[in-house]
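A.B. asks: Below you'll find upload.cif; it's mmCIF, C-alpha atoms.
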data_run
#
loop_
_atom_site.label_atom_id
_atom_site.label_comp_id
_atom_site.auth_asym_id
_atom_site.auth_seq_id
_atom_site.Cartn_x
_atom_site.Cartn_y
_atom_site.Cartn_z
CA MET Q 1 126.96 142.74 100.36
CA LYS Q 2 124.96 141.16 103.17
CA ILE Q 3 122.28 138.57 102.42
CA LEU Q 4 119.15 137.41 104.27
CA ILE Q 5 118.15 133.85 103.34
CA SER Q 6 115.10 131.95 104.58
CA HIS Q 7 113.80 128.40 104.32
CA ILE Q 8 111.45 126.08 106.21
CA THR Q 9 113.60 123.02 106.81
CA GLY Q 10 117.08 124.08 105.81
CA ASN Q 11 117.50 121.08 103.51
CA GLU Q 12 120.81 119.91 102.03
CA ASN Q 13 121.02 122.35 99.14
CA THR Q 14 119.84 125.28 101.27
CA ARG Q 15 122.40 124.51 103.97
CA ASN Q 16 125.16 124.49 101.38
CA VAL Q 17 124.12 127.91 100.09
CA VAL Q 18 124.12 129.17 103.68
CA TYR Q 19 127.57 127.68 104.36
CA ALA Q 20 128.90 129.31 101.21
CA LEU Q 21 127.50 132.72 102.16
CA MET Q 22 128.84 132.46 105.71
CA ASN Q 23 132.32 131.39 104.63
CA SER Q 24 132.44 134.23 102.11
CA GLN Q 25 131.28 136.78 104.71
CA LEU Q 26 128.13 137.46 102.70
CA LEU Q 27 125.62 136.08 105.19
CA HIS Q 28 123.63 138.44 107.35
CA THR Q 29 120.96 136.05 108.68
CA PHE Q 30 119.58 132.59 108.01
CA ILE Q 31 115.91 132.24 108.97
CA VAL Q 32 114.64 128.68 109.43
CA SER Q 33 111.95 126.85 111.36
CA ILE Q 34 114.18 124.66 113.55
CA ALA Q 35 117.92 125.03 114.09
CA VAL Q 36 119.76 121.99 115.45
CA TYR Q 37 123.34 122.34 116.66
CA LYS Q 38 123.72 119.55 119.24
CA GLU Q 39 122.43 116.00 119.03
CA SER Q 40 121.68 115.63 122.73
CA LEU Q 41 118.34 117.42 122.56
CA PHE Q 42 117.10 115.54 119.49
CA ARG Q 43 117.80 111.88 120.15
CA PHE Q 44 114.31 110.70 120.99
CA GLY Q 45 110.86 110.31 119.43
CA ILE Q 46 109.76 112.61 116.64
CA PHE Q 47 112.71 114.90 117.29
CA ARG Q 48 115.20 112.39 115.86
CA GLN Q 49 114.21 113.38 112.34
CA PHE Q 50 115.55 116.89 112.97
CA LEU Q 51 119.10 115.54 113.32
CA LYS Q 52 119.46 115.52 109.52
CA ARG Q 53 119.09 119.31 109.69
CA LYS Q 54 122.03 119.70 112.04
CA LEU Q 55 123.96 122.94 111.49
CA PRO Q 56 127.61 123.72 112.35
CA ILE Q 57 127.98 125.67 115.55
CA GLN Q 58 129.61 128.50 113.57
CA LEU Q 59 126.20 129.29 112.07
CA ARG Q 60 124.56 129.90 115.42
CA PRO Q 61 125.23 133.68 115.53
CA PHE Q 62 123.70 134.04 112.05
CA THR Q 63 120.58 131.90 112.56
CA VAL Q 64 117.10 132.89 113.70
CA SER Q 65 114.55 130.11 114.13
CA PHE Q 66 110.76 130.08 114.35
CA PRO Q 67 109.81 126.50 115.33
CA PHE Q 68 106.12 126.87 116.20
CA LYS Q 69 104.56 125.74 112.91
CA GLU Q 70 107.11 123.03 112.17
CA LEU Q 71 106.78 121.43 115.60
CA GLY Q 72 103.00 121.56 115.32
CA ARG Q 73 103.07 119.98 111.87
CA GLN Q 74 105.37 117.16 112.95
CA ILE Q 75 103.35 116.43 116.09
CA CYS Q 76 100.14 116.32 114.05
CA ASN Q 77 101.76 113.93 111.58
CA LYS Q 78 102.98 111.71 114.38
CA LEU Q 79 99.54 111.64 116.03
CA ASN Q 80 97.81 111.28 112.64
CA VAL Q 81 95.77 114.46 113.20
CA LYS Q 82 95.16 115.06 109.49
CA LEU Q 83 92.54 117.79 109.98
CA LEU Q 84 95.26 120.28 110.90
CA THR Q 85 97.64 119.38 108.05
CA LYS Q 86 95.79 117.85 105.10
CA SER Q 87 94.93 120.96 103.04
CA GLU Q 88 96.96 124.03 102.20
CA SER Q 89 94.65 126.15 104.39
CA SER Q 90 95.06 123.86 107.42
CA PHE Q 91 96.76 125.58 110.36
CA PHE Q 92 99.80 123.29 110.40
CA SER Q 93 100.07 122.50 106.69
CA SER Q 94 103.41 122.86 104.95
CA TYR Q 95 102.04 125.77 102.90
CA SER Q 96 100.80 127.48 106.06
CA GLU Q 97 104.28 127.09 107.46
CA SER Q 98 105.78 128.53 104.28
CA ARG Q 99 103.68 131.66 104.66
CA TYR Q 100 104.55 131.82 108.35
CA ILE Q 101 108.31 131.76 107.71
CA ASP Q 102 107.89 134.22 104.83
CA LYS Q 103 106.05 136.62 107.14
CA LYS Q 104 108.72 136.31 109.83
CA ALA Q 105 111.45 136.94 107.27
CA SER Q 106 109.67 139.99 105.87
CA LEU Q 107 109.32 141.51 109.35
CA PHE Q 108 112.98 140.77 110.07
CA LEU Q 109 113.98 142.45 106.81
CA LYS Q 110 111.92 145.53 107.62
CA LYS Q 111 113.59 145.81 111.02
CA HIS Q 112 117.12 145.33 109.67
CA ALA Q 113 116.75 146.93 106.25
CA LYS Q 114 119.79 149.17 106.66
CA GLU Q 115 122.05 146.17 107.25
CA ILE Q 116 120.80 143.93 104.40
CA ASP Q 117 121.48 144.38 100.66
CA THR Q 118 120.01 141.19 99.20
CA VAL Q 119 117.33 138.61 100.04
CA TYR Q 120 117.51 134.98 98.92
CA CYS Q 121 114.15 133.17 98.97
CA PHE Q 122 112.61 129.93 97.75
CA GLU Q 123 109.31 129.09 96.07
CA ASP Q 124 106.28 129.63 98.35
CA ILE Q 125 108.48 131.36 100.95
CA ALA Q 126 109.21 134.57 99.04
CA LEU Q 127 106.16 136.73 98.37
CA GLN Q 128 106.00 138.82 101.55
CA THR Q 129 109.77 139.07 101.84
CA PHE Q 130 110.15 140.11 98.19
CA THR Q 131 107.39 142.69 98.57
CA ILE Q 132 109.19 144.37 101.45
CA ALA Q 133 112.54 143.97 99.67
CA ARG Q 134 111.22 145.83 96.62
CA GLU Q 135 109.94 148.63 98.84
CA GLU Q 136 113.35 148.82 100.50
CA LYS Q 137 115.14 148.57 97.12
CA LYS Q 138 116.90 145.30 97.93
CA TYR Q 139 118.15 142.79 95.37
CA ARG Q 140 115.94 139.68 95.17
CA ILE Q 141 117.28 136.18 94.40
CA TYR Q 142 114.63 133.49 93.78
CA ASP Q 143 115.53 129.82 94.08
CA LEU Q 144 113.13 127.48 92.26
CA PRO Q 145 113.94 123.94 93.47
CA ILE Q 146 111.29 122.20 91.36
CA GLY Q 147 109.78 122.85 87.95
CA TYR Q 148 107.31 125.66 87.30
CA TRP Q 149 103.68 124.86 88.13
CA ARG Q 150 102.16 125.64 84.71
CA ALA Q 151 104.64 123.26 83.08
CA PHE Q 152 103.72 120.59 85.61
CA ARG Q 153 100.02 120.81 84.76
CA LYS Q 154 100.67 120.88 81.03
CA MET Q 155 103.20 118.04 80.92
CA LEU Q 156 101.36 115.70 83.27
CA ALA Q 157 97.79 116.41 82.19
CA ASP Q 158 97.54 113.24 80.10
CA GLU Q 159 98.32 111.05 83.13
CA LYS Q 160 94.63 111.21 84.03
CA GLU Q 161 93.76 109.27 80.87
CA LYS Q 162 96.90 107.12 80.66
CA ASN Q 163 97.01 106.08 84.32
CA PRO Q 164 93.68 106.97 85.97
CA ASP Q 165 94.29 104.73 88.99
CA TRP Q 166 97.60 106.45 89.68
CA TYR Q 167 96.38 109.98 88.99
CA VAL Q 168 95.15 110.45 92.56
CA THR Q 169 98.76 110.27 93.79
CA LEU Q 170 100.02 113.09 91.57
CA GLY Q 171 99.29 116.17 93.67
CA GLY Q 172 100.00 119.61 92.22
CA PHE Q 173 96.67 119.82 90.40
CA ASN Q 174 94.83 120.67 93.60
CA ASP Q 175 96.71 123.86 94.48
CA SER Q 176 94.32 126.76 94.92
CA ASN Q 177 94.18 129.66 92.47
CA GLU Q 178 95.56 131.89 95.22
CA LYS Q 179 98.57 129.65 95.80
CA VAL Q 180 99.60 129.41 92.14
CA ALA Q 181 98.96 133.13 91.64
CA ASN Q 182 101.34 133.81 94.51
CA LYS Q 183 103.97 131.66 92.81
CA ASP Q 184 103.71 133.88 89.74
CA LYS Q 185 103.93 137.03 91.85
CA GLU Q 186 107.15 135.74 93.40
CA ILE Q 187 108.68 135.28 89.95
CA GLU Q 188 107.53 138.75 88.89
CA LEU Q 189 109.25 140.26 91.93
CA ALA Q 190 112.55 138.41 91.43
CA ASN Q 191 115.66 140.06 89.99
CA VAL Q 192 117.23 136.71 89.19
CA ILE Q 193 116.27 133.02 89.34
CA PHE Q 194 118.52 130.13 90.36
CA VAL Q 195 117.64 126.57 89.33
CA ALA Q 196 119.53 123.31 89.74
CA SER Q 197 118.75 121.69 86.38
CA THR Q 198 118.22 122.52 82.74
CA PHE Q 199 114.82 120.86 82.96
CA THR Q 200 113.67 123.35 85.60
CA LYS Q 201 114.88 126.22 83.44
CA LYS Q 202 112.95 124.84 80.46
CA SER Q 203 109.81 124.54 82.56
CA LEU Q 204 109.89 128.31 83.15
CA SER Q 205 109.25 128.84 79.43
CA PHE Q 206 105.59 128.29 80.36
CA PHE Q 207 105.62 131.49 82.46
CA PRO Q 208 103.31 133.99 80.71
CA GLY Q 209 105.22 137.13 81.67
CA GLN Q 210 108.74 138.45 81.31
CA LEU Q 211 111.36 136.39 83.11
CA PRO Q 212 114.48 137.71 84.84
CA PRO Q 213 117.84 136.07 84.09
CA ILE Q 214 117.94 132.35 84.95
CA TYR Q 215 121.09 130.54 86.06
CA VAL Q 216 121.52 126.75 86.20
CA VAL Q 217 123.81 125.51 88.98
CA PRO Q 218 123.57 121.74 89.61
CA TYR Q 219 123.89 120.63 93.23
CA GLY Q 220 126.96 118.89 94.53
CA PHE Q 221 127.58 115.25 95.43
CA PRO Q 222 128.00 113.80 98.92
CA PRO Q 223 131.39 112.32 99.89
CA ILE Q 224 132.08 109.23 97.80
CA ASN Q 225 132.12 105.69 99.15
CA SER Q 226 135.71 104.70 98.44
CA GLU Q 227 135.17 101.32 100.14
CA ARG Q 228 132.51 100.17 97.66
CA THR Q 229 133.11 96.71 96.26
CA TYR Q 230 131.30 95.10 93.35
CA SER Q 231 130.04 91.55 93.05
CA LEU Q 232 127.37 90.54 90.59
CA GLN Q 233 127.36 86.77 90.71
CA GLU Q 234 125.49 84.90 88.03
CA ASP Q 235 123.40 83.07 90.62
CA ARG Q 236 121.63 86.10 92.10
CA LYS Q 237 119.18 88.66 90.85
CA ILE Q 238 120.21 92.22 90.07
CA ARG Q 239 119.23 94.50 92.98
CA LEU Q 240 117.18 97.49 91.89
CA LEU Q 241 116.42 100.30 94.34
CA TYR Q 242 113.89 103.10 94.23
CA VAL Q 243 114.02 105.91 96.81
CA GLY Q 244 111.48 108.72 96.79
CA GLY Q 245 107.87 109.71 97.31
CA LEU Q 246 105.26 107.14 96.33
CA SER Q 247 103.69 109.46 93.80
CA GLN Q 248 103.03 109.26 90.11
CA ARG Q 249 105.01 112.49 89.77
CA LYS Q 250 107.98 110.20 90.33
CA GLY Q 251 106.84 107.98 87.44
CA ILE Q 252 106.53 104.89 89.63
CA SER Q 253 103.79 103.24 87.57
CA TYR Q 254 106.20 103.12 84.61
CA MET Q 255 108.84 101.48 86.80
CA PHE Q 256 106.46 98.78 88.02
CA LYS Q 257 105.24 98.21 84.45
CA ALA Q 258 108.80 97.92 83.11
CA LEU Q 259 109.61 95.14 85.59
CA GLU Q 260 106.71 92.92 84.52
CA GLY Q 261 108.17 89.74 83.06
CA LEU Q 262 111.65 90.43 84.43
CA GLU Q 263 111.05 89.10 87.94
CA ASN Q 264 113.50 86.22 87.38
CA PHE Q 265 116.34 88.67 86.76
CA TYR Q 266 115.65 91.64 89.04
CA GLU Q 267 114.52 92.25 92.60
CA LEU Q 268 113.19 95.70 93.49
CA THR Q 269 113.30 97.45 96.86
CA VAL Q 270 111.09 100.53 97.22
CA VAL Q 271 111.81 103.08 99.95
CA GLY Q 272 109.52 106.05 100.45
CA GLY Q 273 106.46 107.58 102.02
CA GLY Q 274 102.96 107.93 100.67
CA ASP Q 275 99.41 106.71 101.04
CA THR Q 276 100.02 102.98 100.82
CA ASP Q 277 96.29 102.31 101.21
CA ILE Q 278 95.62 103.49 97.65
CA PRO Q 279 94.63 100.20 95.94
CA VAL Q 280 96.87 100.43 92.86
CA LEU Q 281 99.91 101.37 94.96
CA LYS Q 282 99.18 98.73 97.58
CA THR Q 283 98.99 96.07 94.89
CA ALA Q 284 102.22 97.18 93.21
CA LEU Q 285 104.17 97.29 96.48
CA SER Q 286 102.96 93.81 97.44
CA LYS Q 287 104.97 92.38 94.54
CA HIS Q 288 108.26 93.89 95.75
CA GLN Q 289 110.08 94.69 98.97
CA TYR Q 290 108.78 97.89 100.55
CA LEU Q 291 110.50 99.88 103.28
CA PRO Q 292 109.15 103.09 104.86
CA PRO Q 293 111.30 106.25 104.95
CA MET Q 294 114.56 105.80 106.84
CA PRO Q 295 117.46 107.97 108.09
CA HIS Q 296 119.82 109.40 105.51
CA ASP Q 297 122.80 107.28 106.57
CA LYS Q 298 120.71 104.13 106.21
CA ILE Q 299 119.65 105.23 102.72
CA LEU Q 300 123.28 105.65 101.67
CA GLU Q 301 124.10 102.23 103.11
CA LEU Q 302 121.26 100.64 101.19
CA MET Q 303 122.38 102.39 98.01
CA SER Q 304 125.88 101.01 98.42
CA LYS Q 305 124.45 97.48 98.58
CA SER Q 306 122.25 97.93 95.51
CA ASP Q 307 123.29 97.38 91.92
CA ILE Q 308 121.18 100.09 90.24
CA LEU Q 309 119.05 103.00 91.45
CA ILE Q 310 115.98 103.59 89.31
CA PHE Q 311 114.44 107.06 89.43
CA PRO Q 312 111.86 107.41 86.62
CA SER Q 313 110.51 110.84 87.59
CA LEU Q 314 108.08 112.67 85.32
CA PHE Q 315 108.77 116.11 86.78
CA GLU Q 316 111.78 116.79 88.98
CA GLY Q 317 113.69 119.95 89.78
CA PHE Q 318 116.81 117.94 90.51
CA GLY Q 319 116.61 114.58 92.32
CA LEU Q 320 119.14 114.41 95.15
CA VAL Q 321 118.84 110.63 95.30
CA ILE Q 322 120.59 110.54 91.93
CA THR Q 323 123.73 112.24 93.24
CA GLU Q 324 123.55 110.26 96.49
CA ALA Q 325 123.47 106.94 94.64
CA MET Q 326 126.28 107.94 92.30
CA SER Q 327 128.44 108.91 95.28
CA GLN Q 328 128.03 105.34 96.52
CA GLY Q 329 129.17 103.95 93.17
CA THR Q 330 125.62 102.89 92.29
CA PRO Q 331 124.66 103.71 88.69
CA VAL Q 332 121.32 105.39 88.06
CA ILE Q 333 118.55 104.94 85.52
CA THR Q 334 116.65 108.21 85.33
CA THR Q 335 114.68 110.30 82.87
CA ASP Q 336 115.19 113.40 80.79
CA ARG Q 337 113.02 115.35 83.26
CA THR Q 338 115.49 115.34 86.14
CA CYS Q 339 119.03 116.58 86.69
CA GLY Q 340 120.16 113.53 84.72
CA PRO Q 341 121.06 115.36 81.50
CA ASP Q 342 123.12 117.89 83.50
CA ILE Q 343 125.30 115.44 85.41
CA ILE Q 344 125.10 112.07 83.60
CA THR Q 345 126.67 111.06 80.30
CA ASN Q 346 124.31 108.41 78.95
CA ASN Q 347 125.82 104.89 78.90
CA GLU Q 348 128.98 106.16 80.61
CA ASP Q 349 128.15 107.02 84.22
CA GLY Q 350 124.41 106.34 84.17
CA TRP Q 351 121.46 105.93 81.87
CA ILE Q 352 118.84 108.45 80.74
CA VAL Q 353 115.54 107.18 79.38
CA LYS Q 354 112.47 108.91 78.04
CA ALA Q 355 110.04 110.02 80.75
CA ALA Q 356 106.61 108.38 80.97
CA ASP Q 357 107.77 105.42 78.88
CA SER Q 358 107.94 102.00 80.51
CA THR Q 359 109.19 100.43 77.27
CA SER Q 360 112.37 102.52 77.33
CA ILE Q 361 113.06 101.37 80.88
CA GLN Q 362 112.25 97.75 80.12
CA ASN Q 363 114.45 97.63 77.01
CA LEU Q 364 117.37 98.92 79.04
CA LEU Q 365 116.76 96.38 81.81
CA ILE Q 366 116.63 93.57 79.25
CA LYS Q 367 120.00 94.70 77.89
CA LEU Q 368 121.62 95.02 81.32
CA LYS Q 369 120.43 91.67 82.66
CA ASP Q 370 122.81 89.98 80.21
CA ASP Q 371 125.70 92.38 80.77
CA LYS Q 372 126.44 92.68 84.47
CA GLU Q 373 129.97 93.88 83.79
CA GLU Q 374 128.41 96.94 82.16
CA ILE Q 375 126.56 97.72 85.40
CA ILE Q 376 129.84 97.57 87.31
CA ARG Q 377 131.67 99.73 84.76
CA VAL Q 378 129.02 102.43 84.80
CA GLY Q 379 128.83 102.31 88.60
CA LYS Q 380 132.56 102.95 88.92
CA ASN Q 381 132.30 105.82 86.44
CA ALA Q 382 129.38 107.28 88.43
CA ARG Q 383 131.53 107.36 91.54
CA GLU Q 384 134.28 109.18 89.64
CA THR Q 385 131.77 111.75 88.42
CA ALA Q 386 130.70 112.29 92.02
CA ARG Q 387 134.32 112.68 93.11
CA LYS Q 388 134.80 115.62 90.77
CA ARG Q 389 131.84 117.66 92.01
CA PRO Q 390 131.58 117.70 95.82
CA TRP Q 391 129.29 120.17 97.53
CA GLU Q 392 132.25 122.55 97.90
CA VAL Q 393 132.27 123.06 94.14
CA TYR Q 394 128.59 123.99 94.20
CA GLN Q 395 129.23 126.40 97.06
CA GLN Q 396 132.02 128.18 95.19
CA GLU Q 397 129.98 128.43 92.00
CA MET Q 398 127.09 129.98 93.92
CA VAL Q 399 129.31 132.54 95.62
CA ASN Q 400 130.96 133.47 92.31
CA LEU Q 401 127.58 133.87 90.68
CA ILE Q 402 126.18 136.02 93.48
CA GLN Q 403 129.25 138.22 93.69
CA ASN Q 404 129.94 138.63 89.98
CA ASP Q 405 126.67 138.23 88.10
CA CYS Q 406 123.86 139.07 90.49
CA GLY Q 407 124.83 142.47 91.72
CA GLY Q 408 123.29 145.75 90.71
CA LYS Q 409 120.35 147.77 91.79
CA SER Q 410 116.94 146.25 92.33
#
How does this structure look as structure tokens?
C.D. replies:
Amino acid sequence: MKILISHITGNENTRNVVYALMNSQLLHTFIVSIAVYKESLFRFGIFRQFLKRKLPIQLRPFTVSFPFKELGRQICNKLNVKLLTKSESSFFSSYSESRYIDKKASLFLKKHAKEIDTVYCFEDIALQTFTIAREEKKYRIYDLPIGYWRAFRKMLADEKEKNPDWYVTLGGFNDSNEKVANKDKEIELANVIFVASTFTKKSLSFFPGQLPPIYVVPYGFPPINSERTYSLQEDRKIRLLYVGGLSQRKGISYMFKALEGLENFYELTVVGGGDTDIPVLKTALSKHQYLPPMPHDKILELMSKSDILIFPSLFEGFGLVITEAMSQGTPVITTDRTCGPDIITNNEDGWIVKAADSTSIQNLLIKLKDDKEEIIRVGKNARETARKRPWEVYQQEMVNLIQNDCGGKS
């Protein structure tokens, strides 16, 4: 079996799938926008952000890159040229880039059809490749990294009435009919679907057609911070940390609401990107410490110095910040609409609260403010959970699944 896999950025979970396929001699080609192997060319300006996508040199013979759209998008963002990126139809939008990479992958597949048995594609980057793959009778693996779009619209529809000022930050409701129809076509063309959480699998129950088999494989944890020390003196506030997009999809209004009246016990640091000129968000951030997006190593360092990560997402395919924090020995408060139920035992190595419910968060914070030893206990347990499931475990599970359960004719 030889597999063609494509992605725009080659993010953490994608890279681990690619590593697994390469090490198991299953990888034919990895198609990505920008491939970084050496740091020397990416140390300055906007190119520094590409360092987090660095690939091992062993992948170079298997990788084909198409950087045009990604470079254009990043330059436009840096120069604040929103006209070319702001809508899905804009020339350098992320969706335009998705279609661009999908097209390149489909042409590559057509050219090398005799050498490839299986294609592995992600949401919004699969339609053209899957279409060619079906014509060529190739097996089609679909990776859905976030919940299904119909579920998103159904589950978050009441946010417009509950939190009208925050509704503008949601996103997802503005996707064109063509874009969401293409998402459904991708699912229809898939032979199998991989998801990283039970919540994502449940969201697919809103799909109106017949679904192929769905497999849940939670992502792995980064290397643990074995040097972490704990000190929660009585004379300082408990350090809360939020890392993620500044969007209501992440449930941030419920976090801010839950902290009202607890300012004498907690201090919150918010790290993330978004439109900070939106009045309701600007006001909320002014009451706490706000930091713009930062490099991954700095995020991990900040996590290791925080007492609790709070991630109150309303709709999340996984939530890598959860596993990152746990690897640093930082316990996490998250909701039942993330990977939390798959990797956290409530009150043992983290806490799971009801989504879209500030009272649930606040009640937990009230309890923890008087029991700092509990925070330390759960943090240590979180690190042990992370120790048991490194990325290598995820890689092996994916290879076993692909080899043993996803074969057969398309």
A.B. asks: Around (112.8, 99.6, 98.3) in the file's frame, which residues reach within 6 Å when counting only C-alpha atoms? Return as an mmCIF file with C-alpha atoms, in the frame of the given file?
C.D. replies:
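Final output, point23.cif:
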data_model
loop_
_atom_site.group_PDB
_atom_site.id
_atom_site.type_symbol
_atom_site.label_atom_id
_atom_site.label_comp_id
_atom_site.auth_asym_id
_atom_site.auth_seq_id
_atom_site.Cartn_x
_atom_site.Cartn_y
_atom_site.Cartn_z
ATOM 1 C CA LEU Q 241 116.420 100.300 94.340
ATOM 2 C CA TYR Q 242 113.890 103.100 94.230
ATOM 3 C CA THR Q 269 113.300 97.450 96.860
ATOM 4 C CA VAL Q 270 111.090 100.530 97.220
ATOM 5 C CA VAL Q 271 111.810 103.080 99.950
ATOM 6 C CA GLN Q 289 110.080 94.690 98.970
ATOM 7 C CA TYR Q 290 108.780 97.890 100.550
ATOM 8 C CA LEU Q 291 110.500 99.880 103.280
#
A.B. asks: For each of Q:Leu302, Q:Tyr266, Q:Met326, Q:Lys380, take the minimum atom-to-atom distance to Ile366 of chain Q, counting all atoms listed in the file, then give the residue where this is smallest.
C.D. replies: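 Using all atoms listed in the file, Ile366 of chain Q sits closest to Q:Tyr266.
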A.B. asks: Contacts of segment 246-258 of chain Q at 7 Å or less, counting only C-alpha atoms, minus same-chain residues fewer than 5 places along, as a PyMOL selection string?
C.D. replies: chain Q and resi 166-167+169-170+272-274+284+312-315+356-359+361-362
A.B. asks: Find the residues of segment 172-240 of chain Q that sit at most 7 Å from segment 127-142 of chain Q; for each, write down the nearest two atoms and how far apart they are in Å, to one decimal. Count all atoms listed in the file. Sort by chain, then by number going up, and give it as CSV.
C.D. replies:
residue,atom,partner,partner_atom,distance
Q:Asn182,CA,Q:Leu127,CA,6.8
Q:Lys185,CA,Q:Leu127,CA,6.9
Q:Glu186,CA,Q:Leu127,CA,5.2
Q:Leu189,CA,Q:Phe130,CA,6.3
Q:Ala190,CA,Q:Arg140,CA,5.2
Q:Asn191,CA,Q:Arg140,CA,5.2
Q:Val192,CA,Q:Ile141,CA,5.2
Q:Ile193,CA,Q:Tyr142,CA,4.8
Q:Phe194,CA,Q:Tyr142,CA,6.2
A.B. asks: Given only C-alpha atoms as the basis, pick out the residue of Q:Ala151, Q:Thr85, Q:Val119, Q:Ala113 nearest to Leu4 of chain Q.
C.D. replies: Q:Val119
A.B. asks: Which residue out of Q:Arg377, Q:Arg153, Q:Lys2, Q:Lys237 has the minimum interatomic distance to Thr118 of chain Q when all atoms listed in the file are used?
C.D. replies: Q:Lys2
A.B. asks: Running the PyMOL selection byres ((chain Q and resi 108) around 12) on this model by hand, what would come out? Give it as number ranges by chain.
C.D. replies: Q: 4-6, 28-31, 63-66, 101-107, 109-116, 119, 128-129, 132-133
A.B. asks: Counting only C-alpha atoms, figure out which residue out of Q:Leu232, Q:Ile278, Q:Ile187, Q:Ile322 gets nearest to Asp165 of chain Q.
C.D. replies: Q:Ile278
A.B. asks: Check the smallest atom-to-atom distance from each of Q:Gln395, Q:Val217, Q:Ser176, Q:Thr229 to Ser89 of chain Q using all atoms listed in the file, then report the winner.
C.D. replies: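 Among the listed residues, the smallest separation from Ser89 of chain Q belongs to Q:Ser176.
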A.B. asks: Pick out the closest residue to Glu12 of chain Q from this set: Q:Arg383, Q:Arg150, Q:Arg228, Q:His296. Count all atoms listed in the file.
C.D. replies: Q:His296
A.B. asks: In Å, with one decimal, what is the gap from atom CA of Val353 of chain Q to atom CA of Phe199 of chain Q?
C.D. replies: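 These two atoms are separated by 14.2 Å.
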A.B. asks: Show me, as a list of chain:residue names, the residues that have an atom within 12 Å of segment 261-265 of chain Q when counting all atoms listed in the file, minus same-chain residues fewer than 6 positions from it.
C.D. replies: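 Counting only the stated atoms, we get Q:Leu232, Q:Gln233, Q:Glu234, Q:Asp235, Q:Arg236, Q:Lys237, Q:Ile238, Q:Arg239, Q:Leu240, Q:Met255, Q:Lys287, Q:His288, Q:Ile361, Q:Gln362, Q:Asn363, Q:Leu364, Q:Leu365, Q:Ile366, Q:Lys367, Q:Leu368, Q:Lys369, Q:Asp370, Q:Asp371, Q:Lys372.
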A.B. asks: Work out how far atom CA of Gly147 of chain Q is from atom CA of Ser98 of chain Q, in Å to one decimal.
C.D. replies: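 A separation of 17.7 Å between them.
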A.B. asks: List the neighbours of Ser205 of chain Q out to 12 Å using all atoms listed in the file; skip same-chain residues closer than 2 positions along the sequence, and give me the result as a list in words.
C.D. replies: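 Residues meeting the cut-off are Gly147, Tyr148, Trp149, Arg150, Ala151, Phe152, Lys154, Thr198, Phe199, Thr200, Lys201, Lys202, Ser203, Phe207, Pro208, Gly209, Gln210, Leu211, Pro212 and Ile214 of chain Q.
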A.B. asks: Calculate how many Å separate atom CA of Gly245 of chain Q from atom CA of Phe311 of chain Q, rounding to one decimal.
C.D. replies: 10.6 Å
A.B. asks: Report as an MDAnalysis selection string the residues that result from applying the PyMOL selection byres ((chain Q and resi 96) around 12) to the structure here.
C.D. replies: chainID Q and resid 8 68:70 72:73 84:95 97:103 124:125 179
A.B. asks: How would you write as a PyMOL selection string the residues that get within 12 Å of (125.6, 130.9, 104.8) in the file's frame, counting all atoms listed in the file?
C.D. replies: chain Q and resi 2-6+10+13-31+55-56+58-63+120+395-396+398-399
A.B. asks: Any chance you could resolve the PyMOL selection byres ((chain Q and resi 342) around 10) against this file and give the residues as a ChimeraX atom specification?
C.D. replies: /Q:196-199,216-218,318,336,338-341,343-345
A.B. asks: Please provide as a list in words all residues within 12 Å of Ala386 of chain Q, with the sequence filter that same-chain residues fewer than 6 positions apart are discarded (counting all atoms listed in the file).
C.D. replies: Tyr219, Gly220, Phe221, Pro222, Pro223, Ile224, Asn225, Ser226, Ile322, Thr323, Glu324, Ala325, Met326, Ser327, Gln328, Gly329, Thr330, Pro331, Ile343, Ile344, Asp349, Gly350, Gly379, Lys380, Glu392 and Val393 of chain Q
